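Novice: My structure file input06.txt, compact mmCIF, C-alpha atoms and all ligand atoms, is below:
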```txt
# COMPACT_ATOMS: atom_id res chain seq x y z
CA MET A 14 46.56 59.80 -28.68
CA PRO A 15 44.65 62.79 -27.34
CA HIS A 16 45.19 64.97 -30.42
CA ASP A 17 43.49 63.00 -33.15
CA TRP A 18 39.93 64.05 -32.38
CA ARG A 19 39.27 64.96 -35.99
CA ARG A 20 40.10 61.49 -37.19
CA GLN A 21 38.03 59.94 -34.41
CA HIS A 22 35.13 62.24 -35.27
CA ALA A 23 35.38 61.41 -38.97
CA GLN A 24 35.57 57.69 -38.29
CA ALA A 25 32.54 57.56 -35.98
CA TYR A 26 29.83 55.06 -36.86
CA THR A 27 27.32 56.86 -39.06
CA SER A 28 25.64 53.70 -40.30
CA ALA A 29 22.94 52.30 -38.03
CA GLU A 30 23.72 48.84 -39.31
CA LYS A 31 27.43 49.02 -38.51
CA ALA A 32 26.88 50.58 -35.10
CA LEU A 33 24.41 47.85 -34.10
CA ALA A 34 26.54 45.06 -35.55
CA ALA A 35 29.65 46.37 -33.77
CA VAL A 36 28.10 45.52 -30.40
CA GLY A 37 26.42 42.32 -31.54
CA ARG A 38 22.90 43.75 -31.68
CA PRO A 39 20.32 42.40 -34.12
CA VAL A 40 20.17 44.56 -37.25
CA PRO A 41 16.64 45.45 -38.41
CA ALA A 42 15.48 45.27 -42.02
CA GLU A 43 16.90 47.62 -44.62
CA GLU A 44 13.85 49.87 -44.81
CA THR A 45 13.69 50.21 -41.01
CA LEU A 46 17.36 51.19 -40.99
CA ARG A 47 16.71 53.80 -43.66
CA ALA A 48 13.69 55.20 -41.82
CA LEU A 49 15.68 55.43 -38.59
CA THR A 50 18.54 57.38 -40.14
CA ARG A 51 16.10 59.60 -42.01
CA SER A 52 14.26 60.55 -38.83
CA PHE A 53 17.49 61.29 -36.94
CA ALA A 54 21.01 60.68 -38.22
CA VAL A 55 23.20 58.13 -36.46
CA ARG A 56 26.63 59.06 -35.14
CA VAL A 57 28.48 57.09 -32.47
CA PRO A 58 32.19 57.71 -31.88
CA ASP A 59 34.12 54.48 -31.48
CA TYR A 60 35.24 55.72 -28.06
CA TYR A 61 31.63 55.93 -26.85
CA ARG A 62 30.82 52.58 -28.49
CA SER A 63 33.69 51.04 -26.52
CA LEU A 64 31.86 51.91 -23.26
CA ILE A 65 28.89 49.69 -24.18
CA ALA A 66 28.62 46.36 -22.35
CA PRO A 67 27.71 44.10 -25.29
CA ASP A 68 26.01 41.46 -23.12
CA ASP A 69 23.55 43.83 -21.49
CA PRO A 70 20.46 44.42 -23.66
CA ASN A 71 19.53 47.40 -21.43
CA ASP A 72 22.97 48.94 -21.30
CA PRO A 73 22.59 52.67 -20.48
CA ILE A 74 25.38 53.66 -22.87
CA ALA A 75 23.79 51.70 -25.72
CA LEU A 76 20.36 53.19 -24.99
CA GLN A 77 21.71 56.69 -25.43
CA SER A 78 23.61 56.03 -28.63
CA LEU A 79 22.10 53.20 -30.67
CA PRO A 80 19.01 53.78 -32.82
CA ASP A 81 15.95 51.74 -31.96
CA GLU A 82 12.80 50.89 -33.89
CA ALA A 83 10.74 52.50 -31.13
CA GLU A 84 11.87 55.89 -32.48
CA LEU A 85 9.67 55.37 -35.51
CA LEU A 86 6.48 54.91 -33.55
CA PRO A 87 4.54 58.19 -33.29
CA LEU A 88 2.95 58.65 -29.86
CA PRO A 89 -0.07 60.81 -28.99
CA SER A 90 2.11 62.41 -26.31
CA ASP A 91 4.69 63.71 -28.83
CA ILE A 92 4.95 67.47 -29.33
CA PRO A 93 6.81 68.80 -32.37
CA ASP A 94 9.14 71.68 -31.35
CA ALA A 95 8.54 70.44 -27.80
CA VAL A 96 10.33 73.28 -26.03
CA GLY A 97 9.27 76.12 -28.32
CA ASP A 98 12.75 76.93 -29.62
CA GLU A 99 11.51 77.59 -33.15
CA ALA A 100 8.86 79.94 -31.85
CA MET A 101 11.42 81.81 -29.74
CA SER A 102 13.95 82.52 -32.46
CA PRO A 103 14.02 86.25 -33.40
CA VAL A 104 16.70 85.67 -36.06
CA PRO A 105 18.13 82.41 -37.37
CA GLY A 106 20.78 81.05 -35.01
CA ILE A 107 19.41 82.75 -31.88
CA VAL A 108 17.01 81.35 -29.28
CA GLN A 109 15.90 83.93 -26.76
CA LYS A 110 13.64 83.35 -23.78
CA HIS A 111 15.32 85.70 -21.30
CA GLY A 112 16.16 89.39 -21.44
CA ASN A 113 19.74 88.96 -20.27
CA ARG A 114 20.96 85.85 -22.04
CA VAL A 115 20.60 84.15 -25.42
CA ILE A 116 21.53 80.88 -26.99
CA LEU A 117 23.65 81.17 -30.13
CA LEU A 118 23.52 78.10 -32.35
CA VAL A 119 26.98 77.91 -33.87
CA SER A 120 26.94 74.36 -35.19
CA ASN A 121 24.35 71.98 -36.47
CA THR A 122 26.30 68.80 -35.95
CA CYS A 123 27.36 66.89 -32.85
CA THR A 124 30.08 64.42 -31.94
CA MET A 125 27.27 61.94 -31.27
CA TYR A 126 23.55 61.96 -32.03
CA CYS A 127 21.96 61.15 -28.70
CA ARG A 128 18.77 59.24 -29.28
CA PHE A 129 16.83 61.27 -26.68
CA CYS A 130 17.83 64.65 -28.13
CA PHE A 131 15.17 67.38 -28.21
CA ARG A 132 17.25 69.32 -30.73
CA ARG A 133 16.84 66.58 -33.33
CA PRO A 134 15.61 69.01 -35.96
CA VAL A 135 18.64 71.29 -35.46
CA ALA A 136 21.31 68.72 -34.79
CA SER A 137 20.41 66.61 -37.76
CA GLY A 138 23.83 66.76 -39.28
CA HIS A 139 23.11 68.67 -42.46
CA ALA A 140 25.87 70.71 -44.04
CA VAL A 141 26.75 73.99 -42.38
CA ASP A 142 26.19 76.00 -45.57
CA GLY A 143 24.89 79.43 -44.78
CA LEU A 144 25.94 79.23 -41.15
CA ARG A 145 28.28 82.17 -41.60
CA ASP A 146 25.63 84.47 -43.07
CA GLN A 147 23.26 83.37 -40.41
CA LEU A 148 25.81 84.22 -37.75
CA GLN A 149 26.26 87.75 -39.13
CA GLN A 150 22.64 88.49 -38.38
CA ALA A 151 22.88 86.88 -34.96
CA PHE A 152 25.99 88.90 -34.03
CA GLU A 153 24.21 92.05 -35.12
CA LEU A 154 21.32 91.31 -32.79
CA ILE A 155 23.69 90.57 -29.88
CA ARG A 156 25.61 93.80 -30.51
CA GLN A 157 22.46 95.90 -30.57
CA ASP A 158 20.75 94.38 -27.53
CA THR A 159 22.57 96.08 -24.68
CA GLN A 160 20.45 94.22 -22.08
CA LEU A 161 22.34 91.02 -22.85
CA ARG A 162 24.91 89.85 -20.31
CA GLU A 163 25.64 86.30 -21.44
CA VAL A 164 25.82 84.38 -24.70
CA ILE A 165 25.52 80.61 -24.58
CA LEU A 166 27.11 78.78 -27.48
CA SER A 167 25.14 75.70 -28.36
CA GLY A 168 23.96 73.83 -31.42
CA GLY A 169 24.46 71.02 -32.23
CA ASP A 170 27.72 71.04 -30.37
CA PRO A 171 30.02 74.08 -30.52
CA LEU A 172 33.06 71.84 -30.10
CA THR A 173 32.47 70.31 -33.53
CA LEU A 174 33.89 73.61 -34.83
CA ASP A 175 37.63 73.59 -35.23
CA ASP A 176 39.70 75.70 -32.87
CA ARG A 177 40.06 78.59 -35.31
CA ALA A 178 36.36 78.91 -36.05
CA LEU A 179 35.57 78.72 -32.35
CA GLU A 180 38.22 81.30 -31.53
CA ASP A 181 36.72 83.59 -34.17
CA VAL A 182 33.25 83.37 -32.61
CA LEU A 183 34.55 83.86 -29.05
CA HIS A 184 36.75 86.74 -30.12
CA ARG A 185 33.87 88.56 -31.77
CA LEU A 186 31.68 88.08 -28.72
CA ARG A 187 34.41 89.30 -26.35
CA ALA A 188 34.57 92.54 -28.33
CA ILE A 189 30.97 93.35 -27.34
CA PRO A 190 31.23 95.47 -24.19
CA HIS A 191 27.84 94.75 -22.60
CA LEU A 192 28.47 90.97 -22.49
CA ARG A 193 29.91 89.86 -19.17
CA LEU A 194 29.79 86.08 -19.40
CA LEU A 195 30.25 83.50 -22.11
CA ARG A 196 29.14 79.91 -21.85
CA ILE A 197 29.57 76.78 -23.94
CA HIS A 198 27.13 73.88 -23.80
CA THR A 199 28.83 70.75 -25.06
CA ARG A 200 28.65 66.98 -24.91
CA ALA A 201 32.03 66.45 -26.58
CA PRO A 202 33.87 65.93 -23.25
CA VAL A 203 31.52 62.96 -22.70
CA THR A 204 31.23 61.43 -26.14
CA LEU A 205 34.63 62.33 -27.63
CA PRO A 206 37.00 63.36 -24.82
CA ALA A 207 39.88 63.50 -27.32
CA ARG A 208 38.32 66.80 -28.46
CA VAL A 209 39.49 68.45 -25.24
CA THR A 210 43.01 69.10 -26.51
CA PRO A 211 45.51 71.47 -24.88
CA ALA A 212 45.08 73.72 -27.95
CA LEU A 213 41.31 73.91 -27.46
CA VAL A 214 41.73 74.58 -23.76
CA SER A 215 44.07 77.47 -24.45
CA VAL A 216 41.52 79.03 -26.85
CA LEU A 217 38.87 78.78 -24.15
CA ARG A 218 41.21 80.10 -21.47
CA ARG A 219 41.88 83.26 -23.48
CA HIS A 220 38.16 84.10 -23.50
CA ARG A 221 37.38 83.81 -19.81
CA PRO A 222 35.14 84.33 -17.92
CA LEU A 223 33.69 81.32 -19.68
CA HIS A 224 31.60 78.57 -18.13
CA VAL A 225 31.60 75.15 -19.71
CA VAL A 226 28.40 73.15 -19.25
CA VAL A 227 28.92 69.46 -19.95
CA HIS A 228 26.32 66.74 -20.25
CA PHE A 229 26.97 63.47 -18.40
CA ASN A 230 23.97 61.22 -17.93
CA HIS A 231 25.49 58.12 -16.36
CA PRO A 232 28.41 57.46 -13.98
CA ARG A 233 29.97 55.03 -16.48
CA GLU A 234 30.58 58.00 -18.78
CA LEU A 235 33.09 59.37 -16.24
CA THR A 236 36.01 57.38 -17.68
CA PRO A 237 39.69 58.18 -17.11
CA GLU A 238 39.73 59.86 -20.56
CA ALA A 239 36.71 62.01 -19.75
CA ARG A 240 38.12 62.93 -16.35
CA ALA A 241 41.42 63.94 -17.92
CA GLY A 242 39.58 66.33 -20.24
CA LEU A 243 37.62 67.81 -17.35
CA HIS A 244 40.83 68.22 -15.42
CA ARG A 245 42.42 70.18 -18.29
CA LEU A 246 39.43 72.52 -18.45
CA LEU A 247 39.40 73.10 -14.70
CA ASP A 248 43.13 73.65 -14.68
CA ALA A 249 42.60 76.48 -17.15
CA GLY A 250 40.24 78.24 -14.76
CA LEU A 251 37.04 77.30 -16.57
CA PRO A 252 34.19 76.59 -14.14
CA LEU A 253 32.38 73.37 -15.02
CA LEU A 254 28.67 72.65 -14.64
CA ASN A 255 26.75 69.56 -15.68
CA GLN A 256 23.30 69.02 -17.04
CA THR A 257 21.69 65.61 -17.07
CA VAL A 258 18.54 64.53 -18.84
CA LEU A 259 16.35 62.24 -16.74
CA LEU A 260 16.07 59.16 -18.95
CA LYS A 261 14.09 56.02 -18.29
CA GLY A 262 16.36 52.99 -18.26
CA VAL A 263 19.50 55.14 -18.20
CA ASN A 264 19.50 57.08 -14.95
CA ASN A 265 16.05 56.96 -13.34
CA SER A 266 17.30 55.53 -10.06
CA VAL A 267 18.55 57.25 -6.92
CA ASP A 268 21.64 55.02 -6.85
CA THR A 269 22.62 55.92 -10.40
CA LEU A 270 22.03 59.64 -9.96
CA GLU A 271 23.88 59.63 -6.65
CA ALA A 272 26.86 57.86 -8.22
CA LEU A 273 26.77 60.31 -11.13
CA CYS A 274 26.65 63.41 -8.91
CA TYR A 275 29.42 62.19 -6.62
CA GLY A 276 31.56 61.31 -9.63
CA LEU A 277 30.99 64.77 -11.04
CA LEU A 278 31.80 66.49 -7.74
CA GLU A 279 35.01 64.48 -7.46
CA ALA A 280 35.93 65.62 -10.96
CA GLY A 281 35.28 69.26 -10.02
CA VAL A 282 31.98 69.55 -11.88
CA THR A 283 28.89 71.03 -10.22
CA PRO A 284 25.62 69.20 -10.95
CA TYR A 285 23.45 72.02 -12.34
CA TYR A 286 20.26 70.77 -13.96
CA LEU A 287 18.33 67.52 -14.06
CA HIS A 288 16.06 68.00 -17.07
CA HIS A 289 12.69 66.37 -17.25
CA CYS A 290 12.65 64.57 -20.61
CA ASP A 291 10.99 66.65 -23.34
CA ARG A 292 8.23 65.33 -25.56
CA THR A 293 10.10 65.45 -28.84
CA PRO A 294 8.79 62.90 -31.35
CA GLY A 295 10.97 59.77 -31.40
CA THR A 296 12.02 60.00 -27.75
CA GLY A 297 9.00 58.35 -26.07
CA ARG A 298 10.98 55.37 -24.79
CA PHE A 299 12.92 57.66 -22.43
CA ARG A 300 10.04 59.48 -20.76
CA THR A 301 9.34 59.30 -17.02
CA SER A 302 6.62 60.98 -14.98
CA ILE A 303 7.17 64.20 -13.05
CA ASP A 304 6.26 62.29 -9.88
CA GLU A 305 9.04 59.84 -10.49
CA GLY A 306 11.50 62.72 -10.95
CA LEU A 307 10.32 64.36 -7.73
CA ARG A 308 10.74 61.09 -5.83
CA LEU A 309 14.27 60.73 -7.17
CA MET A 310 15.09 64.28 -6.07
CA GLN A 311 13.75 63.49 -2.60
CA GLY A 312 16.03 60.46 -2.43
CA LEU A 313 19.02 62.46 -3.64
CA LYS A 314 18.54 65.14 -0.99
CA ALA A 315 19.25 62.57 1.70
CA ARG A 316 22.45 61.47 0.00
CA LEU A 317 24.14 64.50 -1.53
CA PRO A 318 25.62 67.72 -0.18
CA GLY A 319 23.66 70.86 -1.06
CA HIS A 320 26.16 71.95 -3.69
CA GLY A 321 25.91 68.55 -5.35
CA LEU A 322 22.14 68.58 -5.83
CA PRO A 323 20.94 69.46 -9.32
CA ARG A 324 17.78 71.50 -9.91
CA TYR A 325 15.00 69.44 -11.41
CA VAL A 326 13.61 71.50 -14.29
CA ILE A 327 11.11 71.25 -17.09
CA ASP A 328 11.09 73.27 -20.28
CA ILE A 329 7.45 74.31 -20.56
CA PRO A 330 6.04 73.42 -23.97
CA GLY A 331 5.32 76.55 -25.99
CA GLY A 332 8.54 78.43 -25.29
CA HIS A 333 7.78 79.69 -21.76
CA GLY A 334 11.19 78.68 -20.50
CA LYS A 335 12.60 76.31 -17.91
CA ILE A 336 11.19 76.21 -14.42
CA ASN A 337 12.15 74.39 -11.26
CA LEU A 338 9.67 71.57 -10.67
CA GLU A 339 10.28 71.87 -6.92
CA SER A 340 9.25 75.52 -6.74
CA ALA A 341 6.04 77.49 -6.51
CA ALA A 342 6.14 77.85 -10.29
CA ALA A 343 4.97 74.23 -10.51
CA GLN A 344 1.62 73.53 -8.84
CA ARG A 345 -0.06 70.16 -8.89
CA LEU A 346 -3.82 70.39 -9.43
CA GLU A 347 -6.35 68.05 -7.87
CA ASP A 348 -6.78 65.96 -10.98
CA GLY A 349 -3.03 65.29 -11.10
CA SER A 350 -2.30 67.74 -13.90
CA TRP A 351 0.04 70.69 -13.44
CA GLN A 352 -0.06 74.44 -13.53
CA LEU A 353 3.34 75.61 -14.71
CA THR A 354 4.15 79.31 -14.57
CA GLY A 355 6.85 80.51 -16.91
CA LEU A 356 9.26 83.40 -16.65
CA THR A 357 6.91 85.92 -18.17
CA GLY A 358 4.19 84.99 -15.68
CA VAL A 359 2.20 83.03 -18.23
CA SER A 360 0.60 79.95 -16.67
CA VAL A 361 0.28 76.82 -18.71
CA HIS A 362 -2.01 73.93 -17.88
CA TYR A 363 0.12 70.85 -18.37
CA THR A 364 -1.22 67.31 -18.55
CA GLU A 365 1.32 64.55 -18.42
CA PRO A 366 1.34 62.05 -21.25
CA GLU A 367 0.30 58.44 -20.76
CA LEU A 368 3.57 56.59 -20.50
CA ALA A 369 4.35 53.24 -21.96
CA VAL A 370 5.34 50.78 -19.26
C1 LIG A 401 18.08 76.89 -20.88
C2 LIG A 401 18.14 78.13 -21.63
C3 LIG A 401 19.04 79.15 -21.30
C4 LIG A 401 20.01 79.02 -20.15
O1 LIG A 401 19.34 79.09 -18.98
P1 LIG A 401 20.08 79.00 -17.59
O2 LIG A 401 18.96 78.76 -16.67
O3 LIG A 401 20.78 80.30 -17.41
O4 LIG A 401 21.05 77.87 -17.67
C5 LIG A 401 19.03 80.30 -22.02
N1 LIG A 401 18.19 80.47 -23.06
C6 LIG A 401 17.31 79.52 -23.41
C7 LIG A 401 16.42 79.75 -24.57
C8 LIG A 401 17.24 78.31 -22.71
O5 LIG A 401 16.38 77.37 -23.07
S1 LIG A 402 25.16 66.33 -28.19
FE1 LIG A 402 23.41 67.51 -27.37
S2 LIG A 402 22.49 68.51 -29.17
FE2 LIG A 402 23.81 66.85 -29.90
S3 LIG A 402 22.49 65.09 -30.14
FE3 LIG A 402 23.41 64.94 -28.09
S4 LIG A 402 21.93 65.95 -26.74
FE4 LIG A 402 21.42 66.57 -28.84
```
What do you get writing this file as structure tokens?
Ligand SMILES: *Cc1c(COP(=O)(O)O)cnc(C)c1O
Ligand code: SF4

Specialist:
Amino acid sequence: MPHDWRRQHAQAYTSAEKALAAVGRPVPAEETLRALTRSFAVRVPDYYRSLIAPDDPNDPIALQSLPDEAELLPLPSDIPDAVGDEAMSPVPGIVQKHGNRVILLVSNTCTMYCRFCFRRPVASGHAVDGLRDQLQQAFELIRQDTQLREVILSGGDPLTLDDRALEDVLHRLRAIPHLRLLRIHTRAPVTLPARVTPALVSVLRRHRPLHVVVHFNHPRELTPEARAGLHRLLDAGLPLLNQTVLLKGVNNSVDTLEALCYGLLEAGVTPYYLHHCDRTPGTGRFRTSIDEGLRLMQGLKARLPGHGLPRYVIDIPGGHGKINLESAAAQRLEDGSWQLTGLTGVSVHYTEPELAV
């Protein structure tokens, strides 16, 4: 039943206890459960839960979706607002780090709450009260800034909006003459492929040129259901790109990343970014070193065609933007720390955190 996404979304596991019990995991004590949900809400669609191999304690699907006590342990390497989004928000709902493109936060919920998410504070699942007023201000800014060429809908996940609300946003953006491109960043095609209905696809098609950036992290997420959704989007003339977050235990191996990128290419999706994991509190268990990421990229270069190779990027703490870790913008210093030069030419001295092994 591809059309019942709303029911599937509503019936997702939002209780840590039930989600853990559903795959036979030990359930921690009541107060731990409460602390976990308080720090970052739990939401796992039953579809995504069904991809978990219950016998594997290190299952990559489970790691991404099930809460873990490790999230409660503060680490010295944590950075609140790790990528500087709060600092770079001129009006509520907008994040701007470039002159020609902005992120517009149209939703503060997701189809799943990924345990590694750096947008935890935004995507915390609170009610969307006030979102409309907030958007008025954001639209005003976009209308007045004639340097802008692209608006990227993000959140949360824009596809948690219903088709009419999404159409309304896209329609208003299309009426702004200086905008050339629209883009949607979404994980729904991965975590709730039923969301990619023919009706949704026809809304998106009417607002082309529109790029859809999806977020697959592991080849096992490329199920027949997910591929069918991708196929519908491609069929409607919507170019598809993928971003992956480099996650310890999930995809930090050349074999896994190779399988993921080939699977994406076969499905018509171009691997776009491999993000170095941010230092958001609660996500320490997923962090790898930059060196490890660079080694993985080296391995991938021998195995993938040029158009299948993602760019390995880091979002410089402090809001200086994303840079390619394999470019001159990232210089390793003698003591092993890094000099990272952001878009505005500001150089940041970056010391990697001590990682738990
Ligand atoms: C990542 C990001 C974008 C999009 O950047 P691209 O490199 O064009 O994908 C835009 N704005 C902000 C604030 C970002 O963090
Ligand atoms: S869908 Fe994206 S924004 Fe939402 S929790 Fe997952 S990674 Fe974060």

Novice: Which neighbours of segment 171-187 of chain A fall inside 7 Å, counting only C-alpha atoms, when residues of the same chain fewer than 6 positions from it are skipped, and could you give them as an NGL selection string?

Specialist: :A and (119-120 or 122-124 or 199 or 201 or 213 or 216 or 220)

Novice: When distances are computed from all atoms listed in the file, which of A:Leu246, A:Val263, A:Ala280, A:Val164 shows the smallest separation from Gln109 of chain A?

Specialist: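 Using all atoms listed in the file, Gln109 of chain A sits closest to A:Val164.
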
Novice: Identify the residues within 12 Å of coordinate (-0.5, 68.5, -19.7) (same frame as the file), considering all atoms listed in the file, and give the answer as a VMD selection string.

Specialist: chain A and resid 90 to 92 292 302 to 303 329 to 331 345 to 346 348 to 353 360 to 367

Novice: Using all atoms listed in the file, which of the listed residues (A:Tyr26, A:Tyr285, A:Phe152, A:Phe131) sits closest to ligand LIG 401 (chain A)?

Specialist: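 Between A:Tyr26, A:Tyr285, A:Phe152, A:Phe131, the residue approaching ligand LIG 401 (chain A) most closely is A:Tyr285.
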
Novice: Give me, as an NGL selection string, the set of residues whose atoms come within 6 Å of any atom of ligand LIG 401 (chain A), counting only C-alpha atoms and all ligand atoms.

Specialist: :A and (108-110 or 114-116 or 334)

Novice: Write out, as JSON lines, each residue of chain A that has an atom at most 9 Å from ligand LIG 402 (chain A), together with the closest pair of atoms and their distance in Å to one decimal, counting all atoms listed in the file, rows going by chain and rising number.

Specialist:
```
{"residue": "A:Arg56", "atom": "CA", "partner": "A:LIG402", "partner_atom": "S3", "distance": 8.9}
{"residue": "A:Gln77", "atom": "CA", "partner": "A:LIG402", "partner_atom": "FE3", "distance": 8.8}
{"residue": "A:Ser78", "atom": "CA", "partner": "A:LIG402", "partner_atom": "FE3", "distance": 8.9}
{"residue": "A:Asn121", "atom": "CA", "partner": "A:LIG402", "partner_atom": "S2", "distance": 8.3}
{"residue": "A:Thr122", "atom": "CA", "partner": "A:LIG402", "partner_atom": "FE2", "distance": 6.8}
{"residue": "A:Cys123", "atom": "CA", "partner": "A:LIG402", "partner_atom": "FE2", "distance": 4.6}
{"residue": "A:Thr124", "atom": "CA", "partner": "A:LIG402", "partner_atom": "S1", "distance": 6.5}
{"residue": "A:Met125", "atom": "CA", "partner": "A:LIG402", "partner_atom": "S1", "distance": 5.8}
{"residue": "A:Tyr126", "atom": "CA", "partner": "A:LIG402", "partner_atom": "S3", "distance": 3.8}
{"residue": "A:Cys127", "atom": "CA", "partner": "A:LIG402", "partner_atom": "FE3", "distance": 4.1}
{"residue": "A:Arg128", "atom": "CA", "partner": "A:LIG402", "partner_atom": "S3", "distance": 7.0}
{"residue": "A:Phe129", "atom": "CA", "partner": "A:LIG402", "partner_atom": "S4", "distance": 6.9}
{"residue": "A:Cys130", "atom": "CA", "partner": "A:LIG402", "partner_atom": "FE4", "distance": 4.1}
{"residue": "A:Phe131", "atom": "CA", "partner": "A:LIG402", "partner_atom": "FE4", "distance": 6.3}
{"residue": "A:Arg132", "atom": "CA", "partner": "A:LIG402", "partner_atom": "FE4", "distance": 5.3}
{"residue": "A:Arg133", "atom": "CA", "partner": "A:LIG402", "partner_atom": "FE4", "distance": 6.4}
{"residue": "A:Val135", "atom": "CA", "partner": "A:LIG402", "partner_atom": "S2", "distance": 7.9}
{"residue": "A:Ala136", "atom": "CA", "partner": "A:LIG402", "partner_atom": "S2", "distance": 5.7}
{"residue": "A:Ser137", "atom": "CA", "partner": "A:LIG402", "partner_atom": "S3", "distance": 8.0}
{"residue": "A:Ser167", "atom": "CA", "partner": "A:LIG402", "partner_atom": "S2", "distance": 7.7}
{"residue": "A:Gly168", "atom": "CA", "partner": "A:LIG402", "partner_atom": "S2", "distance": 6.0}
{"residue": "A:Gly169", "atom": "CA", "partner": "A:LIG402", "partner_atom": "S2", "distance": 4.4}
{"residue": "A:Asp170", "atom": "CA", "partner": "A:LIG402", "partner_atom": "FE2", "distance": 5.8}
{"residue": "A:His198", "atom": "CA", "partner": "A:LIG402", "partner_atom": "FE1", "distance": 8.2}
{"residue": "A:Thr199", "atom": "CA", "partner": "A:LIG402", "partner_atom": "S1", "distance": 6.5}
{"residue": "A:Arg200", "atom": "CA", "partner": "A:LIG402", "partner_atom": "S1", "distance": 4.8}
{"residue": "A:Ala201", "atom": "CA", "partner": "A:LIG402", "partner_atom": "S1", "distance": 7.1}
{"residue": "A:Thr204", "atom": "CA", "partner": "A:LIG402", "partner_atom": "S1", "distance": 8.1}
{"residue": "A:His228", "atom": "CA", "partner": "A:LIG402", "partner_atom": "FE1", "distance": 7.7}
{"residue": "A:Val258", "atom": "CA", "partner": "A:LIG402", "partner_atom": "S4", "distance": 8.7}
```

Novice: Set the distance at 8 Å and use only C-alpha atoms: which residues neighbour segment 29-32 of chain A once local chain neighbours fewer than 4 positions away are removed? I'd like the list as a list in words.

Specialist: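 What passes the distance filter is Val36, Val40, Pro41, Leu46, Leu49, Thr50, Val55, Val57, Arg62, Leu79 and Pro80 of chain A.
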
Novice: Tell me which of A:Asn71, A:Ser266, A:Gln150, A:Asn255 sits closest to Val104 of chain A, counting all atoms listed in the file.

Specialist: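 Smallest distance to Val104 of chain A is found for A:Gln150.
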